[in-house]
>>> print(open('entry.csv').read())   # CSV, C-alpha atoms
chain,number,residue,atom,x,y,z
A,9,MET,CA,73.5,136.8,49.7
A,10,PRO,CA,71.5,134.1,51.4
A,11,VAL,CA,68.7,132.5,49.6
A,12,SER,CA,65.1,132.3,50.7
A,13,THR,CA,65.4,128.8,52.0
A,14,ASP,CA,67.9,129.8,54.8
A,15,THR,CA,66.7,129.2,58.3
A,16,LEU,CA,68.1,131.0,61.4
A,17,HIS,CA,68.8,129.1,64.6
A,18,TYR,CA,69.3,131.0,67.9
A,19,ARG,CA,71.1,129.2,70.7
A,20,LEU,CA,73.5,129.7,73.5
A,21,ALA,CA,77.2,129.8,72.6
A,22,ARG,CA,79.5,126.9,73.4
A,23,PRO,CA,83.3,126.8,73.9
A,24,ALA,CA,83.6,125.0,70.5
A,25,ASP,CA,82.2,128.2,68.9
A,26,ILE,CA,85.1,130.3,70.0
A,27,PRO,CA,87.2,130.1,66.8
A,28,ARG,CA,84.2,130.9,64.6
A,29,LEU,CA,83.2,133.8,67.0
A,30,HIS,CA,86.7,135.3,66.5
A,31,THR,CA,86.3,135.2,62.8
A,32,LEU,CA,82.8,136.6,62.9
A,33,ILE,CA,83.7,139.5,65.3
A,34,ASP,CA,86.7,140.5,63.2
A,35,ARG,CA,84.7,140.7,59.9
A,36,SER,CA,81.8,142.4,61.5
A,37,VAL,CA,83.9,145.1,63.1
A,38,ARG,CA,86.1,145.7,60.1
A,39,GLU,CA,83.2,146.0,57.6
A,40,LEU,CA,80.4,147.6,59.6
A,41,GLN,CA,82.2,150.0,61.9
A,42,THR,CA,84.4,151.8,59.4
A,43,HIS,CA,82.1,154.8,59.2
A,44,ASP,CA,82.5,155.4,63.0
A,45,TYR,CA,86.1,154.5,63.7
A,46,THR,CA,89.4,154.7,61.9
A,47,PRO,CA,91.3,151.6,60.7
A,48,THR,CA,93.8,152.2,63.5
A,49,GLN,CA,91.1,152.4,66.2
A,50,ILE,CA,89.6,149.2,64.8
A,51,ASP,CA,92.9,147.3,64.8
A,52,GLN,CA,93.6,148.4,68.4
A,53,ALA,CA,90.0,147.7,69.6
A,54,LEU,CA,89.9,144.2,68.1
A,55,GLN,CA,92.8,143.3,70.4
A,56,THR,CA,91.1,144.7,73.5
A,57,TYR,CA,87.6,146.1,73.9
A,58,LEU,CA,86.1,144.5,70.8
A,59,SER,CA,87.6,141.1,71.4
A,60,LEU,CA,85.6,138.1,72.7
A,61,ASP,CA,84.7,137.9,76.4
A,62,THR,CA,84.6,134.1,77.1
A,63,GLN,CA,83.1,134.8,80.5
A,64,LEU,CA,79.8,135.3,78.8
A,65,ILE,CA,80.0,131.8,77.3
A,66,ASP,CA,81.0,130.3,80.6
A,67,ASP,CA,78.0,132.0,82.2
A,68,GLY,CA,75.6,130.8,79.6
A,69,THR,CA,74.5,134.3,78.7
A,70,TYR,CA,75.9,134.6,75.1
A,71,PHE,CA,73.8,133.8,72.1
A,72,VAL,CA,74.9,132.8,68.6
A,73,VAL,CA,72.8,132.7,65.4
A,74,GLU,CA,73.5,130.0,62.8
A,75,ALA,CA,72.2,130.0,59.2
A,76,SER,CA,71.4,126.8,57.4
A,77,SER,CA,69.3,125.7,54.5
A,78,GLU,CA,65.9,123.9,55.0
A,79,ASP,CA,67.8,120.9,53.8
A,80,PRO,CA,69.4,119.4,57.0
A,81,GLU,CA,72.3,118.1,55.0
A,82,ALA,CA,73.2,121.5,53.5
A,83,PRO,CA,76.4,123.1,54.9
A,84,LEU,CA,76.2,126.1,57.2
A,85,ILE,CA,77.1,129.3,55.6
A,86,ALA,CA,78.7,132.7,56.5
A,87,SER,CA,81.5,132.7,59.1
A,88,GLY,CA,81.5,128.9,59.6
A,89,GLY,CA,77.7,129.1,59.9
A,90,LEU,CA,77.6,131.9,62.5
A,91,VAL,CA,75.8,135.1,61.2
A,92,ALA,CA,75.5,137.0,64.5
A,93,CYS,CA,76.2,136.9,68.3
A,94,GLY,CA,75.4,138.9,71.3
A,95,GLY,CA,74.7,138.5,75.0
A,96,TRP,CA,74.1,139.9,78.4
A,97,SER,CA,75.9,139.7,81.7
A,98,LYS,CA,75.2,139.4,85.4
A,99,ARG,CA,78.7,140.7,86.2
A,100,LYS,CA,79.9,144.3,86.7
A,101,THR,CA,82.1,144.6,83.6
A,102,LEU,CA,80.4,147.1,81.3
A,103,CYS,CA,82.2,146.1,78.0
A,104,GLY,CA,85.4,144.6,76.6
A,105,GLY,CA,86.9,141.3,75.8
A,106,ASP,CA,89.4,138.9,77.4
A,107,THR,CA,92.5,140.5,76.1
A,108,SER,CA,94.1,143.3,77.9
A,109,LEU,CA,96.2,146.2,76.7
A,110,ASP,CA,99.4,144.4,77.8
A,111,GLY,CA,98.4,141.0,76.5
A,112,ASP,CA,97.3,139.3,79.8
A,113,ASN,CA,93.7,138.3,80.8
A,114,ASN,CA,93.3,140.9,83.6
A,115,ARG,CA,92.6,144.1,81.7
A,116,ALA,CA,92.2,147.1,83.9
A,117,GLY,CA,88.5,147.9,84.4
A,118,ARG,CA,87.2,144.4,84.3
A,119,ASP,CA,85.2,143.4,87.4
A,120,SER,CA,83.8,139.9,87.4
A,121,SER,CA,81.9,140.2,90.6
A,122,LEU,CA,78.2,139.4,90.3
A,123,LEU,CA,75.5,142.1,90.1
A,124,ASP,CA,72.5,142.3,92.5
A,125,PRO,CA,69.4,142.2,90.3
A,126,THR,CA,67.4,144.0,92.9
A,127,LYS,CA,69.5,147.2,92.5
A,128,ASP,CA,71.9,146.7,89.6
A,129,ALA,CA,71.3,146.8,85.8
A,130,ALA,CA,72.1,143.7,83.7
A,131,LYS,CA,74.8,144.5,81.1
A,132,ILE,CA,73.9,144.1,77.4
A,133,ARG,CA,77.2,142.9,75.8
A,134,ALA,CA,79.1,142.3,72.6
A,135,PHE,CA,76.6,142.3,69.7
A,136,TYR,CA,78.2,141.5,66.3
A,137,VAL,CA,76.4,140.7,62.9
A,138,HIS,CA,78.0,139.3,59.8
A,139,PRO,CA,78.0,142.1,57.1
A,140,ASP,CA,75.9,140.0,54.7
A,141,TRP,CA,73.2,139.6,57.4
A,142,ALA,CA,73.1,143.2,58.7
A,143,ARG,CA,69.8,145.1,58.9
A,144,ARG,CA,67.6,142.0,58.9
A,145,GLY,CA,66.3,142.2,62.4
A,146,ILE,CA,68.8,139.7,63.8
A,147,GLY,CA,70.3,142.1,66.4
A,148,SER,CA,66.8,143.0,67.5
A,149,LYS,CA,65.9,139.4,68.1
A,150,ILE,CA,69.1,138.7,70.1
A,151,LEU,CA,68.4,141.8,72.2
A,152,GLU,CA,64.9,140.4,72.9
A,153,LEU,CA,66.4,137.1,74.0
A,154,CYS,CA,68.9,138.8,76.2
A,155,GLU,CA,66.4,141.0,77.9
A,156,ASN,CA,64.0,138.1,78.5
A,157,ALA,CA,66.8,136.0,79.9
A,158,ALA,CA,67.9,138.8,82.2
A,159,ARG,CA,64.4,139.4,83.4
A,160,ALA,CA,64.0,135.7,84.2
A,161,ASP,CA,67.1,136.1,86.5
A,162,GLY,CA,65.3,139.0,88.3
A,163,PHE,CA,66.8,142.0,86.5
A,164,THR,CA,64.5,144.9,85.6
A,165,ARG,CA,67.0,147.4,84.2
A,166,PHE,CA,69.7,147.2,81.5
A,167,GLU,CA,72.9,149.0,80.7
A,168,MET,CA,75.5,148.9,78.0
A,169,GLY,CA,78.6,150.4,76.6
A,170,ALA,CA,77.5,150.7,73.0
A,171,THR,CA,79.7,151.4,70.0
A,172,LEU,CA,78.8,154.4,67.8
A,173,THR,CA,77.7,151.9,65.2
A,174,GLY,CA,75.3,150.1,67.5
A,175,LEU,CA,73.7,153.2,68.9
A,176,PRO,CA,70.8,153.5,66.4
A,177,LEU,CA,69.7,149.8,67.1
A,178,TYR,CA,69.6,150.3,70.8
A,179,ALA,CA,67.9,153.6,70.6
A,180,ARG,CA,65.1,152.0,68.6
A,181,HIS,CA,64.5,149.6,71.4
A,182,GLY,CA,64.2,152.2,74.2
A,183,TYR,CA,67.8,152.6,75.3
A,184,VAL,CA,68.7,156.2,76.3
A,185,GLU,CA,72.1,157.7,75.9
A,186,MET,CA,73.6,158.7,79.2
A,187,GLU,CA,77.2,159.7,78.4
A,188,ARG,CA,80.0,159.2,75.9
A,189,PHE,CA,83.5,158.4,77.0
A,190,GLY,CA,86.8,157.2,75.5
A,191,LEU,CA,88.4,153.9,76.2
A,192,PRO,CA,92.2,154.2,76.0
A,193,LEU,CA,94.1,152.4,73.2
A,194,VAL,CA,97.8,151.4,73.2
A,195,ASN,CA,98.8,154.0,70.6
A,196,GLY,CA,97.4,156.9,72.7
A,197,GLU,CA,94.1,157.2,70.8
A,198,SER,CA,90.8,156.3,72.4
A,199,LEU,CA,87.6,154.4,71.3
A,200,THR,CA,84.4,156.3,71.9
A,201,VAL,CA,81.6,154.3,73.4
A,202,VAL,CA,78.2,155.3,74.7
A,203,ARG,CA,76.7,154.3,78.0
A,204,MET,CA,73.0,153.6,77.4
A,205,THR,CA,70.4,152.5,79.9
A,206,LYS,CA,66.8,151.1,79.8
A,207,GLY,CA,64.3,150.6,82.6
A,208,ASN,CA,63.4,152.3,85.8
>>> encode(input="entry.csv", output="structure tokens")
Amino acid sequence: MPVSTDTLHYRLARPADIPRLHTLIDRSVRELQTHDYTPTQIDQALQTYLSLDTQLIDDGTYFVVEASSEDPEAPLIASGGLVACGGWSKRKTLCGGDTSLDGDNNRAGRDSSLLDPTKDAAKIRAFYVHPDWARRGIGSKILELCENAARADGFTRFEMGATLTGLPLYARHGYVEMERFGLPLVNGESLTVVRMTKGN
């Protein structure tokens, strides 16, 4: 467990963070989502819907959280120093990572066209927290950063495809469940996600 001298740093993700983000996402999903999804569902989803979407990094809308000691010379901890990540999107894709069901980068359902902030809802995307740092308010802080950044871009409404695990967090912050649907997995199973919205 982290000690009291740890300091959290919130910043935008950079391409150099990608290897550490893969590590963080894998551990977060495998340890925190086991009560909501089976091991097979998790394995399949980590190759598709719960994989990293690098478009968010390219767009400058993805945040990472680093943990370090008050001593500037102390090494970063957790997954190479990353304890959480999450972002928002100005594009139409609701959820999912780069990797498709057949291994290419053009997964069915992805739509990278830009949203119109005057009529569309910004998408809240891809929140993951290191298990050692769960339930400490980090996800709430990232959500606040995302909403503020989206509002600065003109958005007044928000939408997401939440995992069952993330649903309680988003509900606490005013997101309303609209529908549940299954995302198809290669083995014939599906991954249940929840479309949630916030705003007028």
>>> closest_residue(input="entry.csv", among="A:Leu191, A:Ala179, A:Cys154, A:Ala129", to="Asn208 of chain A", atoms="all atoms listed in the file")
A:Ala129
>>> closest_residue(input="entry.csv", among="A:Lys98, A:Arg180, A:Arg35, A:His43", to="Leu64 of chain A", atoms="only C-alpha atoms")
A:Lys98
>>> closest_atom_pairs(input="entry.csv", of="segment 100-198 of chain A", to="segment 49-61 of chain A", cutoff="8 Å", atoms="only C-alpha atoms", output="CSV")
residue,atom,partner,partner_atom,distance
A:Cys103,CA,A:Tyr57,CA,6.8
A:Gly104,CA,A:Tyr57,CA,3.8
A:Gly105,CA,A:Asp61,CA,4.1
A:Asp106,CA,A:Asp61,CA,4.9
A:Thr107,CA,A:Thr56,CA,5.1
A:Ser108,CA,A:Thr56,CA,5.5
A:Leu109,CA,A:Thr56,CA,6.2
A:Ala134,CA,A:Leu58,CA,7.6
A:Leu193,CA,A:Gln52,CA,6.3
A:Val194,CA,A:Gln52,CA,7.0
A:Asn195,CA,A:Gln52,CA,8.0
A:Glu197,CA,A:Gln49,CA,7.3
A:Ser198,CA,A:Gln49,CA,7.3
>>> closest_residue(input="entry.csv", among="A:Asp66, A:Pro23, A:Leu90, A:Thr42", to="Asp140 of chain A", atoms="all atoms listed in the file")
A:Leu90
>>> residues_around(input="entry.csv", residues="Gly182 of chain A", least_positions_apart="4", cutoff="10 Å", atoms="all atoms listed in the file", output="PDB file with C-alpha atoms, keeping the file's coordinate frame")
ATOM      1  CA  LEU A 177      69.700 149.800  67.100  1.00  0.00           C
ATOM      2  CA  TYR A 178      69.600 150.300  70.800  1.00  0.00           C
ATOM      3  CA  MET A 204      73.000 153.600  77.400  1.00  0.00           C
ATOM      4  CA  THR A 205      70.400 152.500  79.900  1.00  0.00           C
ATOM      5  CA  LYS A 206      66.800 151.100  79.800  1.00  0.00           C
ATOM      6  CA  GLY A 207      64.300 150.600  82.600  1.00  0.00           C
TER       7      GLY A 207
END
>>> closest_residue(input="entry.csv", among="A:Val202, A:Leu175, A:Asp67, A:Lys131", to="Arg159 of chain A", atoms="only C-alpha atoms")
A:Lys131
>>> closest_residue(input="entry.csv", among="A:Ala75, A:Glu155, A:Lys149, A:Asp161", to="Tyr183 of chain A", atoms="all atoms listed in the file")
A:Glu155
>>> closest_residue(input="entry.csv", among="A:His181, A:Phe71, A:Gln63, A:Val37", to="Ala21 of chain A", atoms="all atoms listed in the file")
A:Phe71
>>> atom_distance(input="entry.csv", atom1="atom CA of Val91 of chain A", atom2="atom CA of Ser36 of chain A")
9.5 Å
>>> residues_around(input="entry.csv", residues="Thr101 of chain A", least_positions_apart="6", cutoff="7 Å", atoms="only C-alpha atoms", output="list in words")
Arg118, Asp119 and Ser120 of chain A
>>> residues_around(input="entry.csv", residues="Pro125 of chain A", least_positions_apart="5", cutoff="12 Å", atoms="all atoms listed in the file", output="JSON list (two decimals) with C-alpha atoms, in the coordinates of the input")
[["chain", "number", "residue", "atom", "x", "y", "z"],
["A", 97, "SER", "CA", 75.90, 139.70, 81.70],
["A", 98, "LYS", "CA", 75.20, 139.40, 85.40],
["A", 99, "ARG", "CA", 78.70, 140.70, 86.20],
["A", 100, "LYS", "CA", 79.90, 144.30, 86.70],
["A", 130, "ALA", "CA", 72.10, 143.70, 83.70],
["A", 131, "LYS", "CA", 74.80, 144.50, 81.10],
["A", 158, "ALA", "CA", 67.90, 138.80, 82.20],
["A", 159, "ARG", "CA", 64.40, 139.40, 83.40],
["A", 160, "ALA", "CA", 64.00, 135.70, 84.20],
["A", 161, "ASP", "CA", 67.10, 136.10, 86.50],
["A", 162, "GLY", "CA", 65.30, 139.00, 88.30],
["A", 163, "PHE", "CA", 66.80, 142.00, 86.50],
["A", 164, "THR", "CA", 64.50, 144.90, 85.60],
["A", 165, "ARG", "CA", 67.00, 147.40, 84.20],
["A", 166, "PHE", "CA", 69.70, 147.20, 81.50]]
>>> residues_around(input="entry.csv", residues="Leu153 of chain A", least_positions_apart="4", cutoff="10 Å", atoms="only C-alpha atoms", output="PyMOL selection string")
chain A and resi 18-19+69-71+94-96+147-149+157-159
>>> atom_distance(input="entry.csv", atom1="atom CA of Gly169 of chain A", atom2="atom CA of Arg188 of chain A")
8.9 Å
>>> decode(input="entry.csv", residues="segment 11-165 of chain A", atoms="C-alpha atoms", output="PDB file, in the first residue's frame")
ATOM      1  CA  VAL A  11       2.589   5.540   2.182  1.00  0.00           C
ATOM      2  CA  SER A  12       1.331   8.941   3.320  1.00  0.00           C
ATOM      3  CA  THR A  13       4.085  10.847   1.523  1.00  0.00           C
ATOM      4  CA  ASP A  14       2.815   9.784  -1.913  1.00  0.00           C
ATOM      5  CA  THR A  15       1.731  12.572  -4.230  1.00  0.00           C
ATOM      6  CA  LEU A  16      -0.600  12.159  -7.179  1.00  0.00           C
ATOM      7  CA  HIS A  17       0.042  13.968 -10.455  1.00  0.00           C
ATOM      8  CA  TYR A  18      -2.721  14.302 -13.044  1.00  0.00           C
ATOM      9  CA  ARG A  19      -1.660  15.029 -16.624  1.00  0.00           C
ATOM     10  CA  LEU A  20      -2.508  14.276 -20.230  1.00  0.00           C
ATOM     11  CA  ALA A  21      -1.238  10.962 -21.553  1.00  0.00           C
ATOM     12  CA  ARG A  22       1.622  10.863 -24.046  1.00  0.00           C
ATOM     13  CA  PRO A  23       2.540   8.177 -26.610  1.00  0.00           C
ATOM     14  CA  ALA A  24       5.466   7.150 -24.391  1.00  0.00           C
ATOM     15  CA  ASP A  25       2.921   6.082 -21.746  1.00  0.00           C
ATOM     16  CA  ILE A  26       1.351   3.430 -23.982  1.00  0.00           C
ATOM     17  CA  PRO A  27       3.332   0.384 -22.700  1.00  0.00           C
ATOM     18  CA  ARG A  28       2.579   1.329 -19.087  1.00  0.00           C
ATOM     19  CA  LEU A  29      -1.077   1.941 -19.933  1.00  0.00           C
ATOM     20  CA  HIS A  30      -1.384  -1.578 -21.345  1.00  0.00           C
ATOM     21  CA  THR A  31       0.024  -2.959 -18.089  1.00  0.00           C
ATOM     22  CA  LEU A  32      -2.255  -0.818 -15.939  1.00  0.00           C
ATOM     23  CA  ILE A  33      -5.397  -1.653 -17.913  1.00  0.00           C
ATOM     24  CA  ASP A  34      -4.696  -5.389 -17.841  1.00  0.00           C
ATOM     25  CA  ARG A  35      -4.181  -5.472 -14.085  1.00  0.00           C
ATOM     26  CA  SER A  36      -7.140  -3.189 -13.358  1.00  0.00           C
ATOM     27  CA  VAL A  37      -9.567  -5.268 -15.403  1.00  0.00           C
ATOM     28  CA  ARG A  38      -8.313  -8.650 -14.198  1.00  0.00           C
ATOM     29  CA  GLU A  39      -8.501  -7.705 -10.510  1.00  0.00           C
ATOM     30  CA  LEU A  40     -11.365  -5.244 -10.233  1.00  0.00           C
ATOM     31  CA  GLN A  41     -13.906  -6.615 -12.701  1.00  0.00           C
ATOM     32  CA  THR A  42     -13.947 -10.267 -11.644  1.00  0.00           C
ATOM     33  CA  HIS A  43     -17.211  -9.837  -9.706  1.00  0.00           C
ATOM     34  CA  ASP A  44     -19.038  -8.663 -12.827  1.00  0.00           C
ATOM     35  CA  TYR A  45     -17.512 -10.668 -15.678  1.00  0.00           C
ATOM     36  CA  THR A  46     -16.167 -14.186 -16.124  1.00  0.00           C
ATOM     37  CA  PRO A  47     -12.460 -14.871 -16.753  1.00  0.00           C
ATOM     38  CA  THR A  48     -13.280 -15.758 -20.368  1.00  0.00           C
ATOM     39  CA  GLN A  49     -15.197 -12.526 -20.893  1.00  0.00           C
ATOM     40  CA  ILE A  50     -12.304 -10.568 -19.398  1.00  0.00           C
ATOM     41  CA  ASP A  51      -9.727 -12.308 -21.600  1.00  0.00           C
ATOM     42  CA  GLN A  52     -11.778 -11.615 -24.726  1.00  0.00           C
ATOM     43  CA  ALA A  53     -12.624  -8.027 -23.771  1.00  0.00           C
ATOM     44  CA  LEU A  54      -9.003  -7.125 -23.039  1.00  0.00           C
ATOM     45  CA  GLN A  55      -8.265  -7.936 -26.675  1.00  0.00           C
ATOM     46  CA  THR A  56     -11.083  -5.733 -27.974  1.00  0.00           C
ATOM     47  CA  TYR A  57     -13.437  -3.473 -26.038  1.00  0.00           C
ATOM     48  CA  LEU A  58     -11.287  -3.009 -22.956  1.00  0.00           C
ATOM     49  CA  SER A  59      -8.038  -2.422 -24.831  1.00  0.00           C
ATOM     50  CA  LEU A  60      -6.401   0.988 -25.146  1.00  0.00           C
ATOM     51  CA  ASP A  61      -7.824   3.493 -27.638  1.00  0.00           C
ATOM     52  CA  THR A  62      -4.794   5.497 -28.732  1.00  0.00           C
ATOM     53  CA  GLN A  63      -7.021   7.977 -30.588  1.00  0.00           C
ATOM     54  CA  LEU A  64      -7.748   9.519 -27.184  1.00  0.00           C
ATOM     55  CA  ILE A  65      -4.036  10.112 -26.630  1.00  0.00           C
ATOM     56  CA  ASP A  66      -3.642  11.594 -30.107  1.00  0.00           C
ATOM     57  CA  ASP A  67      -6.580  13.927 -29.446  1.00  0.00           C
ATOM     58  CA  GLY A  68      -5.175  15.102 -26.108  1.00  0.00           C
ATOM     59  CA  THR A  69      -8.255  13.963 -24.195  1.00  0.00           C
ATOM     60  CA  TYR A  70      -6.824  11.098 -22.111  1.00  0.00           C
ATOM     61  CA  PHE A  71      -5.520  11.607 -18.579  1.00  0.00           C
ATOM     62  CA  VAL A  72      -3.063   9.541 -16.564  1.00  0.00           C
ATOM     63  CA  VAL A  73      -2.328   9.710 -12.863  1.00  0.00           C
ATOM     64  CA  GLU A  74       1.179   9.156 -11.559  1.00  0.00           C
ATOM     65  CA  ALA A  75       2.173   8.460  -7.987  1.00  0.00           C
ATOM     66  CA  SER A  76       5.476   9.551  -6.544  1.00  0.00           C
ATOM     67  CA  SER A  77       6.970  10.382  -3.204  1.00  0.00           C
ATOM     68  CA  GLU A  78       7.422  13.941  -1.959  1.00  0.00           C
ATOM     69  CA  ASP A  79      11.097  13.199  -2.543  1.00  0.00           C
ATOM     70  CA  PRO A  80      11.615  14.125  -6.234  1.00  0.00           C
ATOM     71  CA  GLU A  81      14.354  11.506  -6.527  1.00  0.00           C
ATOM     72  CA  ALA A  82      12.117   8.679  -5.339  1.00  0.00           C
ATOM     73  CA  PRO A  83      11.025   6.192  -8.014  1.00  0.00           C
ATOM     74  CA  LEU A  84       7.474   6.144  -9.285  1.00  0.00           C
ATOM     75  CA  ILE A  85       5.425   3.227  -8.041  1.00  0.00           C
ATOM     76  CA  ALA A  86       2.521   0.976  -9.068  1.00  0.00           C
ATOM     77  CA  SER A  87       2.358   0.109 -12.803  1.00  0.00           C
ATOM     78  CA  GLY A  88       5.500   1.950 -13.766  1.00  0.00           C
ATOM     79  CA  GLY A  89       4.194   4.918 -11.843  1.00  0.00           C
ATOM     80  CA  LEU A  90       0.706   4.985 -13.380  1.00  0.00           C
ATOM     81  CA  VAL A  91      -2.086   4.417 -10.881  1.00  0.00           C
ATOM     82  CA  ALA A  92      -5.082   5.375 -13.034  1.00  0.00           C
ATOM     83  CA  CYS A  93      -6.227   6.623 -16.426  1.00  0.00           C
ATOM     84  CA  GLY A  94      -9.387   7.855 -18.064  1.00  0.00           C
ATOM     85  CA  GLY A  95     -10.570  10.300 -20.648  1.00  0.00           C
ATOM     86  CA  TRP A  96     -13.249  11.783 -22.833  1.00  0.00           C
ATOM     87  CA  SER A  97     -13.773  11.953 -26.565  1.00  0.00           C
ATOM     88  CA  LYS A  98     -15.057  14.409 -29.126  1.00  0.00           C
ATOM     89  CA  ARG A  99     -15.609  11.507 -31.555  1.00  0.00           C
ATOM     90  CA  LYS A 100     -18.651   9.300 -32.103  1.00  0.00           C
ATOM     91  CA  THR A 101     -17.232   5.962 -30.924  1.00  0.00           C
ATOM     92  CA  LEU A 102     -18.955   5.124 -27.637  1.00  0.00           C
ATOM     93  CA  CYS A 103     -16.460   2.622 -26.252  1.00  0.00           C
ATOM     94  CA  GLY A 104     -13.729   0.157 -27.209  1.00  0.00           C
ATOM     95  CA  GLY A 105     -10.040   0.013 -27.945  1.00  0.00           C
ATOM     96  CA  ASP A 106      -7.820  -0.049 -31.021  1.00  0.00           C
ATOM     97  CA  THR A 107      -7.907  -3.804 -31.536  1.00  0.00           C
ATOM     98  CA  SER A 108     -10.709  -5.412 -33.499  1.00  0.00           C
ATOM     99  CA  LEU A 109     -12.229  -8.847 -33.203  1.00  0.00           C
ATOM    100  CA  ASP A 110     -10.220  -9.974 -36.230  1.00  0.00           C
ATOM    101  CA  GLY A 111      -6.966  -8.303 -35.189  1.00  0.00           C
ATOM    102  CA  ASP A 112      -7.003  -5.219 -37.402  1.00  0.00           C
ATOM    103  CA  ASN A 113      -7.460  -1.601 -36.378  1.00  0.00           C
ATOM    104  CA  ASN A 114     -10.853  -1.054 -37.963  1.00  0.00           C
ATOM    105  CA  ARG A 115     -13.173  -2.740 -35.495  1.00  0.00           C
ATOM    106  CA  ALA A 116     -16.821  -2.706 -36.509  1.00  0.00           C
ATOM    107  CA  GLY A 117     -18.715  -0.031 -34.652  1.00  0.00           C
ATOM    108  CA  ARG A 118     -15.877   2.476 -34.470  1.00  0.00           C
ATOM    109  CA  ASP A 119     -16.676   5.913 -35.853  1.00  0.00           C
ATOM    110  CA  SER A 120     -13.911   8.498 -35.604  1.00  0.00           C
ATOM    111  CA  SER A 121     -15.953  11.337 -37.048  1.00  0.00           C
ATOM    112  CA  LEU A 122     -16.155  14.405 -34.826  1.00  0.00           C
ATOM    113  CA  LEU A 123     -19.135  15.227 -32.653  1.00  0.00           C
ATOM    114  CA  ASP A 124     -21.014  18.517 -32.800  1.00  0.00           C
ATOM    115  CA  PRO A 125     -20.935  19.985 -29.264  1.00  0.00           C
ATOM    116  CA  THR A 126     -24.110  21.976 -29.932  1.00  0.00           C
ATOM    117  CA  LYS A 127     -26.173  18.804 -30.322  1.00  0.00           C
ATOM    118  CA  ASP A 128     -24.037  15.764 -29.406  1.00  0.00           C
ATOM    119  CA  ALA A 129     -22.873  14.414 -26.065  1.00  0.00           C
ATOM    120  CA  ALA A 130     -19.160  14.112 -25.339  1.00  0.00           C
ATOM    121  CA  LYS A 131     -18.120  10.539 -24.686  1.00  0.00           C
ATOM    122  CA  ILE A 132     -16.605   9.602 -21.305  1.00  0.00           C
ATOM    123  CA  ARG A 133     -14.105   6.849 -22.040  1.00  0.00           C
ATOM    124  CA  ALA A 134     -11.865   4.125 -20.674  1.00  0.00           C
ATOM    125  CA  PHE A 135     -11.430   4.636 -16.927  1.00  0.00           C
ATOM    126  CA  TYR A 136      -9.063   2.207 -15.198  1.00  0.00           C
ATOM    127  CA  VAL A 137      -7.576   2.318 -11.692  1.00  0.00           C
ATOM    128  CA  HIS A 138      -4.741   0.239 -10.284  1.00  0.00           C
ATOM    129  CA  PRO A 139      -6.251  -2.164  -7.694  1.00  0.00           C
ATOM    130  CA  ASP A 140      -4.000  -0.816  -4.919  1.00  0.00           C
ATOM    131  CA  TRP A 141      -5.435   2.667  -5.524  1.00  0.00           C
ATOM    132  CA  ALA A 142      -9.120   1.850  -5.943  1.00  0.00           C
ATOM    133  CA  ARG A 143     -11.809   3.661  -3.938  1.00  0.00           C
ATOM    134  CA  ARG A 144      -9.640   6.664  -3.108  1.00  0.00           C
ATOM    135  CA  GLY A 145     -11.466   9.246  -5.182  1.00  0.00           C
ATOM    136  CA  ILE A 146      -9.051   9.101  -8.131  1.00  0.00           C
ATOM    137  CA  GLY A 147     -11.715   8.082 -10.642  1.00  0.00           C
ATOM    138  CA  SER A 148     -13.935  10.926  -9.432  1.00  0.00           C
ATOM    139  CA  LYS A 149     -11.123  13.418  -9.952  1.00  0.00           C
ATOM    140  CA  ILE A 150     -10.433  12.170 -13.486  1.00  0.00           C
ATOM    141  CA  LEU A 151     -14.148  12.399 -14.250  1.00  0.00           C
ATOM    142  CA  GLU A 152     -14.157  16.012 -13.066  1.00  0.00           C
ATOM    143  CA  LEU A 153     -11.164  16.810 -15.282  1.00  0.00           C
ATOM    144  CA  CYS A 154     -12.855  15.184 -18.276  1.00  0.00           C
ATOM    145  CA  GLU A 155     -16.145  16.990 -17.805  1.00  0.00           C
ATOM    146  CA  ASN A 156     -14.418  20.348 -17.348  1.00  0.00           C
ATOM    147  CA  ALA A 157     -12.285  19.823 -20.466  1.00  0.00           C
ATOM    148  CA  ALA A 158     -15.318  18.802 -22.528  1.00  0.00           C
ATOM    149  CA  ARG A 159     -17.272  21.816 -21.312  1.00  0.00           C
ATOM    150  CA  ALA A 160     -14.363  24.044 -22.335  1.00  0.00           C
ATOM    151  CA  ASP A 161     -14.797  22.557 -25.832  1.00  0.00           C
ATOM    152  CA  GLY A 162     -18.474  23.514 -25.833  1.00  0.00           C
ATOM    153  CA  PHE A 163     -20.121  20.243 -24.729  1.00  0.00           C
ATOM    154  CA  THR A 164     -22.967  20.354 -22.218  1.00  0.00           C
ATOM    155  CA  ARG A 165     -23.990  16.697 -22.242  1.00  0.00           C
TER     156      ARG A 165
END
